[in-house]
Amino acid sequence: MRIALLTDGIYPYVVGGMQKHSYNLAKYFAQQKIYIDLYHCNSSQTNYNIQKLEVFSEEEKKYIHSIVIDFPAKCYYPGHYLRESYKYSKSICQRLMQNPLPDFIYAQGFCAWKSIKEKKGGTILPPIAVNFHGLEMFKLTLSLKARLRQLLLRSSTRFNLLNADYVINYGGKIEELLLSLGCEKQQLITSQNATEIKWLEQSATTTNSVSKFLFIGRYERRKGVQELSSVLKQLIPIGIGFEFHFVGPIPDEVKIIHPNIIYHGSVIDFEAIKKIIRSVDVLVCPSLAEGMPTVIIEAMASGLAVIATDTGGIQSLVSEKTGWLIEPGSEPQLKNALMDAINATNEVLNAKKENAIKVIKTKFMWEIVIDKIILDIKRICKLS
């Protein structure tokens, strides 16, 4: 079986949740001896040789055919991202037509846009599945700029969702949203995000004497950093003992100056980020919109409890057994969850940590998830 994986980058050549998901798909398809035509783009911000695919093993590379396509130059006017995405999808479609057709096309975001249009117009192409992950353009946002961007994206996203043969579904509120947008139930392929064995702890580490929290992510409105910072500023004067760590590019002008608030900046090295994660007790993910964040899965695999918003497929991961699930954008609920975590006994917090590991170990490992994806694709393509 041969699958065309269309993506706007693979980690670590391009950094992001969707790019890490693409990397893992390619890696674990290859480990199952599925041939992959990997359509992707480069980033000048890395020192890796993208043509050599250095991030894959020699055995994995036997099954991966790398097709590097330049992403269009960025412009700075309203709607530029859509125009660039369509041009990129057009370049992918042209290369796709020049190569022997695969059995199945798995597309991240807008990467199959032109291919979907061509198939709708009568061109013979294999089944196309699209994955828009968190569908942020249809979610809550508190920023006028983000709201305008959402409006620009919605029509094109609907076209891709409703005209693709299949849509990848993370379940939970993602499935509810897809159905409300007009997707058919039989169009949905339910597939979870997952993590690798290198993240999995066999048991949770002992809870710290002072509660330690962690945020990992970019500084953008939908990540909820503003609400988080506001709540931390409310808690600091109370004198409650806790420590909060930020990993990611947080601008200096919004940083909280306090000895118990630590900013690590961007951390890409695996051993360095793993060390930080395993030194804390609770991951905090206060996003306004998400799909099924890799960072939550990796943190739970590492033995952390989680405070997260009930958006996307997060409810499949976070519950009262593994942490605290709160409403997006609610500062009072975020504050209460942080207070509960700070005041929790070691017994309560360790139970949540152990349950977190168990949930990931039984449902969200790539070895488990990739087998289901392969079975679904074989069923669709009527392959034995």
# chains A, B, ... in the order shown; residues from 1 in each chain; ligands from 1
>>> select_by_dssp(residues="segment 16-102 of chain A", states="helix (DSSP H, G or I)", output="JSON, numbers by chain")
{"A": [17, 18, 19, 20, 21, 22, 23, 24, 25, 26, 27, 28, 29, 30, 31, 50, 51, 52, 58, 59, 60, 61, 80, 81, 82, 83, 84, 85, 86, 87, 88, 89, 90, 91, 92, 93, 94, 95, 96, 97, 98]}
>>> residues_around(residues="Phe132 of chain A", least_positions_apart="2", cutoff="8 Å", atoms="only C-alpha atoms", output="short mmCIF file (atom, residue, chain, number, x, y, z; two decimals) with C-alpha atoms, in the first residue's frame")
data_model
loop_
_atom_site.label_atom_id
_atom_site.label_comp_id
_atom_site.auth_asym_id
_atom_site.auth_seq_id
_atom_site.Cartn_x
_atom_site.Cartn_y
_atom_site.Cartn_z
CA GLN A 108 -3.02 18.13 6.67
CA GLY A 109 -4.99 21.39 6.63
CA PHE A 110 -5.33 22.99 3.20
CA VAL A 130 -8.25 15.90 5.33
CA GLY A 134 -8.51 21.88 16.07
CA LEU A 135 -10.73 23.72 13.53
CA ILE A 168 -10.07 12.90 10.25
#
>>> residues_around(residues="segment 210-216 of chain A", least_positions_apart="2", cutoff="8 Å", atoms="only C-alpha atoms", output="list in words")
Thr207, Asn208, Arg218, Gly241, Phe242, Glu243, Phe244, His245, Phe246, Val247, Gly248, Ile277, Ser279, Val280, Asp281, Val282, Leu283, Val284, Cys285, Val295, Ala341 and Ile342 of chain A
>>> closest_atom_pairs(of="segment 190-285 of chain A", to="segment 143-159 of chain A", cutoff="12 Å", atoms="only C-alpha atoms", output="tab-separated table")
residue	atom	partner	partner_atom	distance
A:Glu220	CA	A:Ala146	CA	9.7
A:Arg221	CA	A:Ser143	CA	6.9
A:Arg222	CA	A:Ala146	CA	8.4
A:Lys223	CA	A:Ser143	CA	11.7
A:Gly224	CA	A:Ser143	CA	11.0
A:Gln226	CA	A:Ser143	CA	11.2
>>> write_last_selection(atoms="N, CA and C atoms", output="PDB file, in the first residue's frame")
ATOM      1  N   GLU A 220       0.298  33.299  21.564  1.00  0.00           N
ATOM      2  CA  GLU A 220      -0.737  33.745  20.642  1.00  0.00           C
ATOM      3  C   GLU A 220      -2.070  33.708  21.374  1.00  0.00           C
ATOM      4  N   ARG A 221      -3.015  34.458  20.877  1.00  0.00           N
ATOM      5  CA  ARG A 221      -4.251  34.700  21.635  1.00  0.00           C
ATOM      6  C   ARG A 221      -4.989  33.417  21.995  1.00  0.00           C
ATOM      7  N   ARG A 222      -5.037  32.464  21.071  1.00  0.00           N
ATOM      8  CA  ARG A 222      -5.847  31.276  21.328  1.00  0.00           C
ATOM      9  C   ARG A 222      -5.234  30.352  22.374  1.00  0.00           C
ATOM     10  N   LYS A 223      -3.970  30.563  22.732  1.00  0.00           N
ATOM     11  CA  LYS A 223      -3.323  29.717  23.731  1.00  0.00           C
ATOM     12  C   LYS A 223      -3.693  30.088  25.166  1.00  0.00           C
ATOM     13  N   GLY A 224      -4.389  31.211  25.359  1.00  0.00           N
ATOM     14  CA  GLY A 224      -4.880  31.566  26.688  1.00  0.00           C
ATOM     15  C   GLY A 224      -3.813  32.077  27.652  1.00  0.00           C
ATOM     16  N   GLN A 226      -2.891  35.104  28.145  1.00  0.00           N
ATOM     17  CA  GLN A 226      -3.363  36.310  28.840  1.00  0.00           C
ATOM     18  C   GLN A 226      -4.176  35.949  30.073  1.00  0.00           C
TER      19      GLN A 226
END
>>> select_by_dssp(residues="segment 83-208 of chain A", states="strand (DSSP E)", output="ChimeraX atom specification")
/A:104-108,128-131,166-169,188-190
>>> write_last_selection(atoms="N, CA and C atoms", output="PDB file, in the first residue's frame")
ATOM      1  N   PHE A 104      -4.093   6.140  -1.432  1.00  0.00           N
ATOM      2  CA  PHE A 104      -4.840   6.981  -0.497  1.00  0.00           C
ATOM      3  C   PHE A 104      -4.056   8.269  -0.288  1.00  0.00           C
ATOM      4  N   ILE A 105      -4.791   9.377  -0.089  1.00  0.00           N
ATOM      5  CA  ILE A 105      -4.163  10.670   0.186  1.00  0.00           C
ATOM      6  C   ILE A 105      -4.591  11.149   1.570  1.00  0.00           C
ATOM      7  N   TYR A 106      -3.614  11.414   2.422  1.00  0.00           N
ATOM      8  CA  TYR A 106      -3.866  11.954   3.764  1.00  0.00           C
ATOM      9  C   TYR A 106      -3.299  13.373   3.773  1.00  0.00           C
ATOM     10  N   ALA A 107      -4.172  14.363   3.934  1.00  0.00           N
ATOM     11  CA  ALA A 107      -3.759  15.761   3.816  1.00  0.00           C
ATOM     12  C   ALA A 107      -3.954  16.516   5.122  1.00  0.00           C
ATOM     13  N   GLN A 108      -2.939  17.249   5.515  1.00  0.00           N
ATOM     14  CA  GLN A 108      -3.021  18.126   6.667  1.00  0.00           C
ATOM     15  C   GLN A 108      -3.510  19.505   6.210  1.00  0.00           C
ATOM     16  N   ILE A 128      -9.401  10.906  -0.718  1.00  0.00           N
ATOM     17  CA  ILE A 128      -8.677  11.993  -0.042  1.00  0.00           C
ATOM     18  C   ILE A 128      -9.283  12.218   1.342  1.00  0.00           C
ATOM     19  N   ALA A 129      -8.436  12.178   2.362  1.00  0.00           N
ATOM     20  CA  ALA A 129      -8.862  12.503   3.729  1.00  0.00           C
ATOM     21  C   ALA A 129      -8.135  13.761   4.171  1.00  0.00           C
ATOM     22  N   VAL A 130      -8.860  14.664   4.840  1.00  0.00           N
ATOM     23  CA  VAL A 130      -8.245  15.901   5.334  1.00  0.00           C
ATOM     24  C   VAL A 130      -8.309  15.938   6.858  1.00  0.00           C
ATOM     25  N   ASN A 131      -7.310  16.560   7.445  1.00  0.00           N
ATOM     26  CA  ASN A 131      -7.256  16.728   8.894  1.00  0.00           C
ATOM     27  C   ASN A 131      -6.995  18.193   9.210  1.00  0.00           C
ATOM     28  N   TYR A 166     -13.046  11.961   2.913  1.00  0.00           N
ATOM     29  CA  TYR A 166     -13.051  11.623   4.337  1.00  0.00           C
ATOM     30  C   TYR A 166     -12.447  12.763   5.150  1.00  0.00           C
ATOM     31  N   VAL A 167     -12.842  12.823   6.431  1.00  0.00           N
ATOM     32  CA  VAL A 167     -12.341  13.843   7.347  1.00  0.00           C
ATOM     33  C   VAL A 167     -11.848  13.144   8.611  1.00  0.00           C
ATOM     34  N   ILE A 168     -10.624  13.469   9.032  1.00  0.00           N
ATOM     35  CA  ILE A 168     -10.071  12.901  10.255  1.00  0.00           C
ATOM     36  C   ILE A 168     -10.740  13.559  11.452  1.00  0.00           C
ATOM     37  N   ASN A 169     -11.185  12.741  12.388  1.00  0.00           N
ATOM     38  CA  ASN A 169     -11.999  13.204  13.515  1.00  0.00           C
ATOM     39  C   ASN A 169     -11.351  12.775  14.835  1.00  0.00           C
ATOM     40  N   LEU A 188     -16.491  10.482   8.374  1.00  0.00           N
ATOM     41  CA  LEU A 188     -15.518  10.700   9.445  1.00  0.00           C
ATOM     42  C   LEU A 188     -14.678   9.458   9.712  1.00  0.00           C
ATOM     43  N   ILE A 189     -13.369   9.657   9.814  1.00  0.00           N
ATOM     44  CA  ILE A 189     -12.437   8.619  10.252  1.00  0.00           C
ATOM     45  C   ILE A 189     -11.952   9.025  11.640  1.00  0.00           C
ATOM     46  N   THR A 190     -12.389   8.298  12.661  1.00  0.00           N
ATOM     47  CA  THR A 190     -11.984   8.638  14.025  1.00  0.00           C
ATOM     48  C   THR A 190     -10.566   8.144  14.266  1.00  0.00           C
TER      49      THR A 190
END
>>> closest_residue(among="A:Pro249, A:Trp366, A:Gly171, A:Trp324", to="Ser266 of chain A", atoms="only C-alpha atoms")
A:Pro249
>>> closest_residue(among="A:Lys274, A:His264, A:Lys114, A:Lys27", to="Glu201 of chain A", atoms="only C-alpha atoms")
A:Lys274
>>> closest_residue(among="A:Leu82, A:Leu334, A:Ile256, A:Ile357", to="Ile236 of chain A", atoms="only C-alpha atoms")
A:Ile256
>>> residues_around(residues="Ser319 of chain A", least_positions_apart="2", cutoff="12 Å", atoms="only C-alpha atoms", output="list in words")
Met300, Ala305, Val306, Ile307, Ala308, Thr309, Asp310, Gly313, Ile314, Gln315, Ser316, Leu317, Lys321, Thr322, Gly323, Trp324, Leu325, Ile326, Lys352, Lys353, Asn355, Ala356 and Val359 of chain A
>>> residues_around(residues="Lys87 of chain A", least_positions_apart="3", cutoff="9 Å", atoms="only C-alpha atoms", output="list of chain:residue names")
A:Phe71, A:Pro72, A:Leu82, A:Arg83, A:Glu84, A:Lys90, A:Ser91, A:Ile92, A:Lys114
>>> closest_residue(among="A:Ile197, A:Val55, A:Met18, A:Leu101", to="Glu290 of chain A", atoms="only C-alpha atoms")
A:Met18
>>> atom_distance(atom1="atom CA of His21 of chain A", atom2="atom CA of Pro100 of chain A")
25.0 Å
